[in-house]
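Let me begin by presenting the structure, written as structure tokens, before commenting on it.
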Amino acid sequence: MSASTPTSKPWADQPLALIPTPAFLTKQHNMWISGASHMCNVHNVIFRGYNSIYLQAPHVQEADMDAFLGYCRAWCKLVTTHAEEEESNYFPEAEKLLGDSVFEQTHEEHDAFMPLLQAFQQYLDSLENGSHLSSDKLLSLMSAFQQPFELHFRNEIKLIASLATHPNAPSEGSSEQIEAEKKFDKWGSSSVTRSGITDVLMFFLYNLDSSYEDGLWKDWPEIPGPVRWLMPRVIGGWHRQWWKFASCNADGKRKELCLP
Ligand SMILES: [Fe+2]
């Protein structure tokens, strides 16, 4: 399935609508617009993950229940480690750079959905195997955090993009700015890989749509072509059955969800 293939089945861009990147919206390029756009790409992977679980949960065949449970757990791990990495690393570093507590509201937003997300995670962890998974229970737990969760993931992008005009933002091209950009870029890529290679990183690659925004992000993140080709096929083979539920295939192209 390509972005233009007509299909009557819903895809993983609902119920949570994907977030437009600030780079696509503004056509501007500076450290904060780029950083917010890269963050936005990660948030959209998280949204495609949420949507793919939400839409497919009621239709999972018995033989696939273990794989679906693994897929759900990988999504949960991606979200929780993303939020934890931000709290412990990205937010403090950005606040130090700006000399301002710009993420105060963001902490409150995390606090608003994290306990509900943890309840979802605890439910998944409590299951001995996929045969015990109840789609009704899963959907009610997801619905409980959907609203504050969606609000937060949208707000954070707007906030980071807006920091370009912060009075203490280092001027574009200054050594301080170049250094900071390198640091944030490094954080962005290592925050996903540190979380887990066979589960979180593969979840990320299998939900990263290369056609998004007319292919603007087809080369993001910067991974050499042969490595990008091999990773989902070789490392992805570890949990091959999980990716049946992903929104994209090994080439980063949209694929049809498992829906009747
Ligand atoms: Fe984020």
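Each chain in the structure tokens gets a letter, A, B and so on, in the order shown; residues start at 1 in every chain, and ligands are counted from 1 in the order they appear.
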task = Residues within 12 Å of ligand 1 should be enumerated using only C-alpha atoms and all ligand atoms and returned as a ChimeraX atom specification.
result = /A:35-47,78-87,89-91,103,106-107,109-110,149-160,187-188,191-192
request  = Could you pull out the residues in range 48-184 of chain A that DSSP calls alpha helix (DSSP H) from the backbone, as a PyMOL selection string?
outcome  = chain A and resi 48-56+65-85+91-98+104-126+135-162+175-184
message = Give me the residues near His166 in chain A as a list of chain:residue names, where near means some atom within 10 Å (using only C-alpha atoms) and where sequence neighbours in that chain fewer than 4 positions away do not count.
response = A:Leu98, A:Asp100, A:Val102, A:Ser162, A:Pro170
How would the residues just picked look written out with N, CA and C atoms as a PDB file, in the first residue's frame?
ATOM      1  N   LEU A  98      18.998  27.968  27.902  1.00  0.00           N
ATOM      2  CA  LEU A  98      18.198  29.199  27.826  1.00  0.00           C
ATOM      3  C   LEU A  98      18.163  29.961  29.148  1.00  0.00           C
ATOM      4  N   ASP A 100      16.205  29.364  31.627  1.00  0.00           N
ATOM      5  CA  ASP A 100      14.785  29.637  31.849  1.00  0.00           C
ATOM      6  C   ASP A 100      14.035  28.298  31.965  1.00  0.00           C
ATOM      7  N   VAL A 102      11.532  26.747  30.815  1.00  0.00           N
ATOM      8  CA  VAL A 102      10.519  26.793  29.750  1.00  0.00           C
ATOM      9  C   VAL A 102       9.648  25.535  29.686  1.00  0.00           C
ATOM     10  N   SER A 162       8.828  27.276  19.198  1.00  0.00           N
ATOM     11  CA  SER A 162       8.713  28.685  19.614  1.00  0.00           C
ATOM     12  C   SER A 162       9.986  29.190  20.309  1.00  0.00           C
ATOM     13  N   PRO A 170      20.723  31.002  21.682  1.00  0.00           N
ATOM     14  CA  PRO A 170      21.987  31.389  21.027  1.00  0.00           C
ATOM     15  C   PRO A 170      21.742  31.712  19.554  1.00  0.00           C
TER      16      PRO A 170
END
request  = Quick one: everything within 8 Å of range 140-146 of chain A, counting only C-alpha atoms, minus sequence neighbours fewer than 5 positions away in the same chain. Send it as a PyMOL selection string.
outcome  = chain A and resi 54+113+116-117+119-120
Using only N, CA and C atoms, please write the residues we just selected to a file, as a PDB file, in the first residue's frame.
ATOM      1  N   TYR A  54      -4.961   0.680  18.681  1.00  0.00           N
ATOM      2  CA  TYR A  54      -6.364   1.002  18.944  1.00  0.00           C
ATOM      3  C   TYR A  54      -7.285   0.405  17.870  1.00  0.00           C
ATOM      4  N   PHE A 113      -0.649  12.420  32.094  1.00  0.00           N
ATOM      5  CA  PHE A 113      -0.975  11.150  31.414  1.00  0.00           C
ATOM      6  C   PHE A 113      -0.117   9.964  31.853  1.00  0.00           C
ATOM      7  N   LEU A 116      -1.736   7.188  33.966  1.00  0.00           N
ATOM      8  CA  LEU A 116      -2.730   6.428  33.198  1.00  0.00           C
ATOM      9  C   LEU A 116      -2.039   5.511  32.184  1.00  0.00           C
ATOM     10  N   LEU A 117      -0.927   5.978  31.655  1.00  0.00           N
ATOM     11  CA  LEU A 117      -0.141   5.145  30.740  1.00  0.00           C
ATOM     12  C   LEU A 117       0.481   3.979  31.520  1.00  0.00           C
ATOM     13  N   ALA A 119      -0.813   2.563  34.083  1.00  0.00           N
ATOM     14  CA  ALA A 119      -1.882   1.582  34.341  1.00  0.00           C
ATOM     15  C   ALA A 119      -2.025   0.656  33.134  1.00  0.00           C
ATOM     16  N   PHE A 120      -1.894   1.230  31.946  1.00  0.00           N
ATOM     17  CA  PHE A 120      -1.945   0.453  30.698  1.00  0.00           C
ATOM     18  C   PHE A 120      -0.772  -0.539  30.657  1.00  0.00           C
TER      19      PHE A 120
END
request  = Pick out the residues sitting within 9 Å of Ser211 in chain A, and hand them over as number ranges by chain; count only C-alpha atoms, and ignore anything fewer than 2 positions along from it in its own chain.
outcome  = A: 2-3, 208-209, 213-218, 252-254
Selection from above, C-alpha atoms, as a CSV table (one decimal), in the first residue's frame, can you write it?
chain,number,residue,atom,x,y,z
A,2,SER,CA,1.4,3.4,-0.9
A,3,ALA,CA,0.1,6.8,0.4
A,208,LEU,CA,8.2,5.6,10.4
A,209,ASP,CA,6.4,6.6,7.2
A,213,GLU,CA,4.8,15.3,4.2
A,214,ASP,CA,5.6,14.5,0.5
A,215,GLY,CA,8.7,12.6,1.5
A,216,LEU,CA,10.4,15.5,3.2
A,217,TRP,CA,11.7,13.1,5.9
A,218,LYS,CA,12.6,10.1,3.7
A,252,GLY,CA,9.2,2.5,5.6
A,253,LYS,CA,6.2,2.4,3.2
A,254,ARG,CA,2.6,2.5,4.6
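Every protein, DNA or RNA residue with an atom at most 9 Å from range 68-70 of chain A, where only C-alpha atoms count and chain neighbours fewer than 6 positions away do not, is listed here: Ile53, Ala57, Val60, Leu124, Leu127, Asn129, Gly130, Leu133, Asp199, His239, Gln241, Trp242, Trp243, Lys244 and Phe245 of chain A.
Remark: for Ser171 in chain A, the closest of the candidate residues A:Met31, A:Ala246, A:Val227, A:Leu16 is A:Met31 (distances computed over only C-alpha atoms).
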